[in-house]
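Q: One structure coming up, written as structure tokens, with questions to follow.
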2 protein chains.
Amino acid sequence: MSNTVHFTPGPSELYPNIDQYLQEGFDRDLYSVSHRSGAYKEIHKAAVEGLKQLISLPDNYNIFFLGSATEAWERIIQNVVVNKSFHFVNGSFSKKFYQYAQQSGIEATAKEVAPSEGFDSISREAIDSDTELICFTHNETSTGVSTSFEDIYATKERFPDSLIAVDVVSSLPYPEIDFSKIDSAFFSVQKCFGLPAGLGVWLVNDRFIEKAKQKKEAGQLLHPHHNVFQLKKQADAYQTPSTPNVLNIFLLSKVIEAMNNKTSEVIRQETDTKAKMLYDFVANHEDFDFAVANPDHRSQTVVVAKSKKSAAELNEILAPHNLAIGSGYGEFKTSQIRIANFPAHSIEDTQRLIEILSKS
Amino acid sequence: MSNTVHFTPGPSELYPNIDQYLQEGFDRDLYSVSHRSGAYKEIHKAAVEGLKQLISLPDNYNIFFLGSATEAWERIIQNVVVNKSFHFVNGSFSKKFYQYAQQSGIEATAKEVAPSEGFDSISREAIDSDTELICFTHNETSTGVSTSFEDIYATKERFPDSLIAVDVVSSLPYPEIDFSKIDSAFFSVQKCFGLPAGLGVWLVNDRFIEKAKQKKEAGQLLHPHHNVFQLKKQADAYQTPSTPNVLNIFLLSKVIEAMNNKTSEVIRQETDTKAKMLYDFVANHEDFDFAVANPDHRSQTVVVAKSKKSAAELNEILAPHNLAIGSGYGEFKTSQIRIANFPAHSIEDTQRLIEILSKS
């Protein structure tokens with residue numbers, strides 16, 4: 001059995017029963033079967049159909065598997081942008097997405113706010129009307145700042161010809177998303193899905209594919225690997241272009257099945273309950289304070305707090321209780337702590353964490 | 001316990017004790033730890049240092065982790081080719097590597113022979129002297145054709161200014177390679193290393209990095225993800241640019257440790273022993289014949305035979321004995337069979353497979 005409950009923001013605590021699923025896959029020889037076999041296609045189908053149900057994904061979307069969410073940054077830009085992308089940057093990961101665009105030889109522009117701050121005027125932001133791609137990070141894992149989907153949808157209404165891509169790496173399946181008002185989203189499985197790392201999941205709609213088609217027909221799509229046409233051809237048959245991470249796709253299918261049995265509504269309610277517990281604790285303990293000043297911008301899934309003690313010091317106190325939290329990111333490594341609030345974190349363990357931190 | 005012994009050419013049979021390693025990683029919380037932690041770096045270091053020992057990799061080489069060997073095709077071309085690549089094509093995988101180059105917008109040329117045929121005159125092949133990259137597939141998994149490393153080295157001598165990349169996807173660690181006579185190689189872990197799929201390993205030397213530097217300085221390296229500079233910066237600290245497949249890197253470190261304990265010499269001897277057993281069987285059974293006419297071109301690690309019965313028919317006979325073989329690839333799906341001869345396949349199981357096929 002696993003020892004420590006990891007409240008780190010990813011890799012994080014594994015979803016319940018992962019060890020049993022790992023063994024089940026081994027016993028069923030799934031880690032040896034061909035990725036062109038019916039046995040594989042069944043696993044692939046279970047994962048993508050289960051995900052569609054869990055997040056209410058419309059039929060005009062495709063689900064692709066990548067090596068990581070980081071790869072998705074590159075693939076999104078490569079597939080659809082010829083000239084211009086725009087990025088809302090409020091932390092290290094949204095900034096890296098922006099930097100990937102800059103390094104791709106396109107004209108990338110960013111609206112950047114200080115870390116720990118969110119965006120108050122997204123819908124009034126000056127964006128060139130010929131911008132092909134507008135990128136949001138729904139939940140900045142580095143800072144615990146969340147961006148409102150209502151603001152994202154409003155941007156879509158203002159710029160109906162632009163594609164909207166949303167990083168939901170550390171939030172899905174928590175947010176209830178109207179996918180008709182965005183065009184692409186992506187996440188990695190080691191956050192809210194409670195899996196070992198090594199798999200990115202990329203959602204793209206038909207408008208995104210259509211835009212990629214224009215780039216391809218203009219002779220400007222020069223990326224043979226994981227372009228949307230190669231991915232879609234295989235995904236339509238519940239397969240992947242190259243041998244995928246079958247083990248993790250199998251685990252994903254099992255976790256999604258368990259999540260669907262629990263229902264996304266219950267997962268959201270529990271997430272809200274635990275987020276309230278954690279933020280109430282931060283508000284009431286003199287050693288901690290909110291890292292994100294504006295309550296509307298605080299993430300429900302990654303709680304970030306200013307802390308008198310560093311995460312390293314706190315983890316020394318937590319270790320005998322088999323609990324671990326995350327340090328602040330980058331420049332905030334010693335001055336902030338990050339506590340993941342993912343579906344794998346039970347209300348009981350969250351309560352226990354709060355009790356021990358309260359006495360720290 | 002796993003049921004069937006998979007002689008399929010990848011995904012294939014798992015290396016002994018993989019289930020124990022999977023459980024060990026779970027018990028040690030390795031699937032939850034941060035990829036920036038000391039615990040992760042130890043695993044990473046064990047995998048790469050162990051691999052260096054196993055294949056006698058010189059110090060001027062870097063070891064990078066990718067999502068798949070297929071990704072390596074793209075990354076190799078992206079990082080170093082501005083104008084011209086040349087490809088020796090003798091089956092589906094070497095052809096796909098060539099096609100990736102064509103789709104990357106460079107001038108790619110190929111010397112193509114019929115499937116099941118090898119190359120007799122590599123050292124006399126007409127190749128433009130300004131070709132930046134020459135690509136070989138040491139072991140064509142689709143056809144069971146092997147290319148001699150002596151011929152590859154001779155090409156290097158003729159074209160000292162070109163970089164030489166070698167696909168060793170389904171052969172390493174079997175071949176004893178003089179890495180000073182090539183510049184890059186790559187493999188995936190679900191072949192000879194007997195692991196679940198989902199991890200590519202890419203080896204590049206300092207000449208390769210230097211050539212990438214020239215491309216970068218000319219403003220022609222427009223690939224932010226998994227370019228060699230991003231990879232090397234992290235690899236030098238036993239890390240990866242994005243959250244990697246920690247589970248598989250841990251399994252790889254354990255399998256490589258076991259292989260080093262066994263020694264590469266013994267692995268080679270056993271591979272030769274089993275290859276001889278399998279080819280003798282093909283020669284002597286009237287239902288089978290060599291797919292590769294020239295004995296010098298026959299792979300030691302993927303034995304391909306013409307077969308009167310299809311793999312599907314043979315697998316019905318083999319299934320009650322908990323054995324499985326691979327079908328022919330592509331156009332040879334029903335007329336050929338493929339039998340993997342990887343380190344995970346024991347002499348005893350190979351003998352048992354031959355006995356049952358003999359009576360089929």
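By order of appearance in the structure tokens: chains A, B, ..., then residues from 1 within every chain, and ligands from 1 in the order shown.
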Using only C-alpha atoms, what table do you get, as JSON lines, when you list each residue of chain A with an atom no more than 6 Å from chain B, its nearest pair of atoms, and their distance in Å rounded to one decimal, rows by chain then rising number?

A:
```
{"residue": "A:Met1", "atom": "CA", "partner": "B:Asp27", "partner_atom": "CA", "distance": 5.5}
{"residue": "A:Ser2", "atom": "CA", "partner": "B:Asp27", "partner_atom": "CA", "distance": 4.9}
{"residue": "A:Pro11", "atom": "CA", "partner": "B:Ser32", "partner_atom": "CA", "distance": 4.9}
{"residue": "A:Ser12", "atom": "CA", "partner": "B:Ser32", "partner_atom": "CA", "distance": 4.8}
{"residue": "A:Glu13", "atom": "CA", "partner": "B:Ser32", "partner_atom": "CA", "distance": 5.7}
{"residue": "A:Asp27", "atom": "CA", "partner": "B:Ser2", "partner_atom": "CA", "distance": 4.9}
{"residue": "A:Asp29", "atom": "CA", "partner": "B:Ser2", "partner_atom": "CA", "distance": 5.8}
{"residue": "A:Tyr31", "atom": "CA", "partner": "B:Pro196", "partner_atom": "CA", "distance": 5.0}
{"residue": "A:Ser32", "atom": "CA", "partner": "B:Ser12", "partner_atom": "CA", "distance": 4.9}
{"residue": "A:Val33", "atom": "CA", "partner": "B:Pro11", "partner_atom": "CA", "distance": 5.9}
{"residue": "A:Ser34", "atom": "CA", "partner": "B:Pro11", "partner_atom": "CA", "distance": 5.6}
{"residue": "A:Gly67", "atom": "CA", "partner": "B:Gly67", "partner_atom": "CA", "distance": 4.9}
{"residue": "A:Tyr100", "atom": "CA", "partner": "B:Pro224", "partner_atom": "CA", "distance": 5.4}
{"residue": "A:Gln103", "atom": "CA", "partner": "B:Pro224", "partner_atom": "CA", "distance": 5.7}
{"residue": "A:Ser104", "atom": "CA", "partner": "B:Leu222", "partner_atom": "CA", "distance": 4.6}
{"residue": "A:Gly105", "atom": "CA", "partner": "B:Leu222", "partner_atom": "CA", "distance": 5.9}
{"residue": "A:Pro196", "atom": "CA", "partner": "B:Tyr31", "partner_atom": "CA", "distance": 5.0}
{"residue": "A:Ala197", "atom": "CA", "partner": "B:Asn245", "partner_atom": "CA", "distance": 5.2}
{"residue": "A:Gly198", "atom": "CA", "partner": "B:Asn245", "partner_atom": "CA", "distance": 3.8}
{"residue": "A:Leu222", "atom": "CA", "partner": "B:Ser104", "partner_atom": "CA", "distance": 4.6}
{"residue": "A:His223", "atom": "CA", "partner": "B:Ser104", "partner_atom": "CA", "distance": 5.8}
{"residue": "A:Pro224", "atom": "CA", "partner": "B:Tyr100", "partner_atom": "CA", "distance": 5.4}
{"residue": "A:Pro244", "atom": "CA", "partner": "B:Gly198", "partner_atom": "CA", "distance": 5.2}
{"residue": "A:Asn245", "atom": "CA", "partner": "B:Gly198", "partner_atom": "CA", "distance": 3.8}
```

Q: Quick one: residues within 12 Å of Gln239 in chain A, only C-alpha atoms counted, chain neighbours fewer than 6 positions away excluded, as a list of chain:residue names?

A: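 The residues that qualify are A:Ser34, A:His35, A:Arg36, A:Ser37, A:Gly38, A:Ala39, A:Tyr40, A:Lys41, A:Glu42, A:Ile43, A:His44, A:Lys45, A:Ala46, A:Ala47, A:Val48, A:Ile63, A:Phe64, A:Phe65, A:Gln230, A:Leu231, A:Lys232, A:Lys233, A:Asn245, A:Val246, A:Ile249.
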
Q: Apply DSSP to the structure's backbone, then extract all residues of range 220-350 of chain B labelled strand (DSSP E) and return them as a list of chain:residue names.

A: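 Written out, the strand (DSSP E) residues of range 220-350 of chain B are B:Phe288, B:Asp289, B:Phe290, B:Val302, B:Val303, B:Val304, B:Ala305, B:Lys306, B:Ser307, B:Leu323, B:Ala324, B:Ile325, B:Gly326, B:Ser327, B:Gln336, B:Ile337, B:Arg338, B:Ile339, B:Ala340.
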
Q: What is the distance between CA of Ser180 in chain A and CA of Lys156 in chain A, in Å to one decimal?

A: 9.9 Å

Q: For range 340-348 of chain B, list every protein, DNA or RNA residue within 7 Å, evaluated using only C-alpha atoms, and leave out those in the same chain fewer than 2 positions away; present the list as a VMD selection string.

A: chain B and resid 7 to 9 13 to 16 192 194 267 271 274 to 275 301 to 303 338 350 to 352

Q: Write a file of the just-selected residues containing C-alpha atoms, as a compact mmCIF listing (two decimals), in the first residue's frame.

A:
```txt
# COMPACT_ATOMS: atom_id res chain seq x y z
CA PHE B 7 6.40 -13.50 -29.03
CA THR B 8 4.79 -10.54 -30.80
CA PRO B 9 7.35 -7.98 -32.02
CA GLU B 13 6.57 -10.10 -23.56
CA LEU B 14 7.36 -8.19 -20.38
CA TYR B 15 10.78 -8.64 -18.82
CA PRO B 16 10.75 -10.97 -15.79
CA CYS B 192 13.92 -5.53 -26.39
CA GLY B 194 10.34 -5.79 -22.23
CA ILE B 267 22.10 -11.47 -23.54
CA THR B 271 19.80 -14.09 -28.49
CA LYS B 274 17.40 -18.57 -29.82
CA ALA B 275 17.75 -17.03 -33.30
CA THR B 301 15.82 -10.17 -32.89
CA VAL B 302 12.76 -10.31 -35.16
CA VAL B 303 12.48 -13.59 -37.05
CA ARG B 338 6.88 -12.54 -37.06
CA THR B 350 11.30 -20.46 -27.41
CA GLN B 351 11.83 -24.24 -27.43
CA ARG B 352 8.23 -24.78 -26.37
```

Q: So, with only C-alpha atoms as the atoms that count, which of B:Ser162, B:Gln234, B:Asn83, B:Ser170 lies closest to His138 in chain B?

A: B:Ser170

Q: As a PyMOL selection string, please: every residue in range 115-252 of chain A that DSSP puts in alpha helix (DSSP H).

A: chain A and resi 149-158+206-217+228-235+246-252

Q: Generate the output file for the selected residues, N, CA and C atoms, as a short mmCIF file (atom, residue, chain, number, x, y, z; two decimals), in the first residue's frame.

A:
```cif
data_model
loop_
_atom_site.label_atom_id
_atom_site.label_comp_id
_atom_site.auth_asym_id
_atom_site.auth_seq_id
_atom_site.Cartn_x
_atom_site.Cartn_y
_atom_site.Cartn_z
N PHE A 149 -14.52 31.03 -16.76
CA PHE A 149 -14.94 30.57 -18.09
C PHE A 149 -15.91 31.57 -18.73
N GLU A 150 -16.67 32.30 -17.93
CA GLU A 150 -17.57 33.32 -18.50
C GLU A 150 -16.76 34.35 -19.28
N ASP A 151 -15.59 34.72 -18.72
CA ASP A 151 -14.73 35.68 -19.42
C ASP A 151 -14.15 35.07 -20.70
N ILE A 152 -13.82 33.80 -20.61
CA ILE A 152 -13.30 33.11 -21.81
C ILE A 152 -14.38 33.07 -22.90
N TYR A 153 -15.61 32.73 -22.51
CA TYR A 153 -16.71 32.68 -23.48
C TYR A 153 -16.94 34.07 -24.10
N ALA A 154 -16.83 35.12 -23.26
CA ALA A 154 -17.05 36.49 -23.76
C ALA A 154 -16.01 36.84 -24.83
N THR A 155 -14.78 36.33 -24.63
CA THR A 155 -13.72 36.56 -25.63
C THR A 155 -14.08 35.89 -26.95
N LYS A 156 -14.63 34.70 -26.82
CA LYS A 156 -15.07 33.97 -28.02
C LYS A 156 -16.13 34.77 -28.78
N GLU A 157 -17.05 35.38 -28.04
CA GLU A 157 -18.10 36.16 -28.70
C GLU A 157 -17.53 37.38 -29.42
N ARG A 158 -16.49 37.97 -28.81
CA ARG A 158 -15.87 39.15 -29.43
C ARG A 158 -15.05 38.78 -30.66
N ASP A 206 -14.13 20.50 -34.47
CA ASP A 206 -14.05 20.47 -35.93
C ASP A 206 -13.57 21.80 -36.51
N ARG A 207 -13.84 22.91 -35.82
CA ARG A 207 -13.34 24.21 -36.29
C ARG A 207 -11.81 24.24 -36.24
N PHE A 208 -11.27 23.63 -35.20
CA PHE A 208 -9.81 23.56 -35.06
C PHE A 208 -9.22 22.74 -36.21
N ILE A 209 -9.86 21.61 -36.50
CA ILE A 209 -9.39 20.75 -37.59
C ILE A 209 -9.48 21.50 -38.92
N GLU A 210 -10.56 22.25 -39.09
CA GLU A 210 -10.76 23.00 -40.34
C GLU A 210 -9.65 24.04 -40.54
N LYS A 211 -9.29 24.70 -39.45
CA LYS A 211 -8.22 25.71 -39.52
C LYS A 211 -6.87 25.04 -39.84
N ALA A 212 -6.64 23.86 -39.24
CA ALA A 212 -5.41 23.11 -39.55
C ALA A 212 -5.39 22.71 -41.02
N LYS A 213 -6.57 22.41 -41.55
CA LYS A 213 -6.67 22.02 -42.96
C LYS A 213 -6.23 23.17 -43.86
N GLN A 214 -6.63 24.37 -43.48
CA GLN A 214 -6.22 25.54 -44.27
C GLN A 214 -4.70 25.71 -44.23
N LYS A 215 -4.13 25.51 -43.04
CA LYS A 215 -2.68 25.64 -42.91
C LYS A 215 -1.98 24.57 -43.75
N LYS A 216 -2.55 23.37 -43.72
CA LYS A 216 -1.96 22.26 -44.48
C LYS A 216 -2.04 22.52 -45.98
N GLU A 217 -3.22 22.96 -46.42
CA GLU A 217 -3.41 23.19 -47.86
C GLU A 217 -2.54 24.33 -48.38
N VAL A 228 -2.99 17.01 -36.43
CA VAL A 228 -4.36 16.58 -36.14
C VAL A 228 -4.90 15.58 -37.17
N PHE A 229 -4.36 15.60 -38.37
CA PHE A 229 -4.85 14.65 -39.39
C PHE A 229 -4.36 13.24 -39.09
N GLN A 230 -3.08 13.16 -38.74
CA GLN A 230 -2.52 11.86 -38.36
C GLN A 230 -3.23 11.33 -37.11
N LEU A 231 -3.45 12.21 -36.14
CA LEU A 231 -4.10 11.81 -34.88
C LEU A 231 -5.56 11.40 -35.12
N LYS A 232 -6.26 12.21 -35.93
CA LYS A 232 -7.70 11.94 -36.12
C LYS A 232 -7.94 10.65 -36.89
N LYS A 233 -7.10 10.40 -37.89
CA LYS A 233 -7.27 9.17 -38.67
C LYS A 233 -7.25 7.95 -37.75
N GLN A 234 -6.32 7.95 -36.81
CA GLN A 234 -6.21 6.81 -35.89
C GLN A 234 -7.26 6.87 -34.79
N ALA A 235 -7.53 8.07 -34.26
CA ALA A 235 -8.48 8.20 -33.15
C ALA A 235 -9.87 7.77 -33.57
N VAL A 246 -0.13 2.48 -23.25
CA VAL A 246 -1.31 1.62 -23.07
C VAL A 246 -1.65 1.48 -21.59
N LEU A 247 -0.63 1.30 -20.77
CA LEU A 247 -0.84 1.13 -19.34
C LEU A 247 -1.64 2.31 -18.78
N ASN A 248 -1.21 3.52 -19.10
CA ASN A 248 -1.88 4.69 -18.53
C ASN A 248 -3.25 4.92 -19.15
N ILE A 249 -3.41 4.58 -20.42
CA ILE A 249 -4.73 4.72 -21.04
C ILE A 249 -5.70 3.73 -20.40
N PHE A 250 -5.19 2.55 -20.06
CA PHE A 250 -6.03 1.59 -19.32
C PHE A 250 -6.40 2.14 -17.94
N LEU A 251 -5.41 2.65 -17.21
CA LEU A 251 -5.70 3.22 -15.88
C LEU A 251 -6.69 4.38 -16.01
N LEU A 252 -6.52 5.20 -17.05
CA LEU A 252 -7.43 6.33 -17.26
C LEU A 252 -8.86 5.84 -17.46
#
```

Q: Can you tell me which residues surround Ile76 in chain A at a distance of at most 9 Å, considering only C-alpha atoms, apart from same-chain residues fewer than 5 positions away, and format the answer as a PyMOL selection string?

A: chain A and resi 71+81+133+165+184+227

Q: Which residues are near Thr143 in chain A? Cut-off 9 Å, only C-alpha atoms, ignore same chain within fewer than 2 positions. Put them as a list in words.

A: Asn90, Gly91, Ser92, Pro115, Ser116, Glu117, Asn139, Glu140, Thr141, Val145, Ser146, Ala291, Val292, Ser299, Val302, Val303, Val304, Gly328, Tyr329, Phe332 and Arg338 of chain A

Q: Could you list, as a list in words, every residue within 10 Å of range 313-319 of chain A, counting only C-alpha atoms and ignoring same-chain residues fewer than 3 positions away?

A: Thr4, Val5, Ser307, Lys308, Lys309, Ser310, Asn322, Leu323, Ala324, Ile325, Gly326, Ser327, Thr334, Ile337, Leu353, Ile356, Leu357, Lys359 and Ser360 of chain A

Q: So, with only C-alpha atoms as the atoms that count, which of B:Asp59, B:Glu176, B:Asp349, B:Asp280 lies closest to Pro295 in chain B?

A: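 When distances to Pro295 in chain B are compared using only C-alpha atoms, the smallest one comes from B:Asp280.
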
Q: Determine the nearest neighbour of Phe187 in chain B from the options B:Val201, B:Ile55, B:Ile354, B:Ala114, counting only C-alpha atoms.

A: B:Val201

Q: Quick one: everything within 8 Å of Cys135 in chain B, counting only C-alpha atoms, minus sequence neighbours fewer than 6 positions away in the same chain. Send it as a list in words.

A: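 Result of the neighbour search: Ser85, Phe86, His87, Phe88, Ile164, Ala165, Val166 and Asp167 of chain B.
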
Q: Selection from above, C-alpha atoms, as a short mmCIF file (atom, residue, chain, number, x, y, z; two decimals), in the first residue's frame, can you write it?

A:
```cif
data_model
loop_
_atom_site.label_atom_id
_atom_site.label_comp_id
_atom_site.auth_asym_id
_atom_site.auth_seq_id
_atom_site.Cartn_x
_atom_site.Cartn_y
_atom_site.Cartn_z
CA SER B 85 18.42 14.00 -45.57
CA PHE B 86 19.02 10.55 -47.06
CA HIS B 87 17.21 7.38 -46.02
CA PHE B 88 17.87 3.70 -46.52
CA ILE B 164 24.36 9.34 -39.04
CA ALA B 165 21.12 8.37 -37.25
CA VAL B 166 20.25 4.74 -36.63
CA ASP B 167 16.86 3.30 -35.66
#
```

Q: Go through B:Asp287, B:Glu49, B:Glu107, B:Glu270 one by one, measure the shortest atom-to-atom distance of each to Ile77 in chain B using only C-alpha atoms, and give the residue with the smallest value.

A: B:Glu107
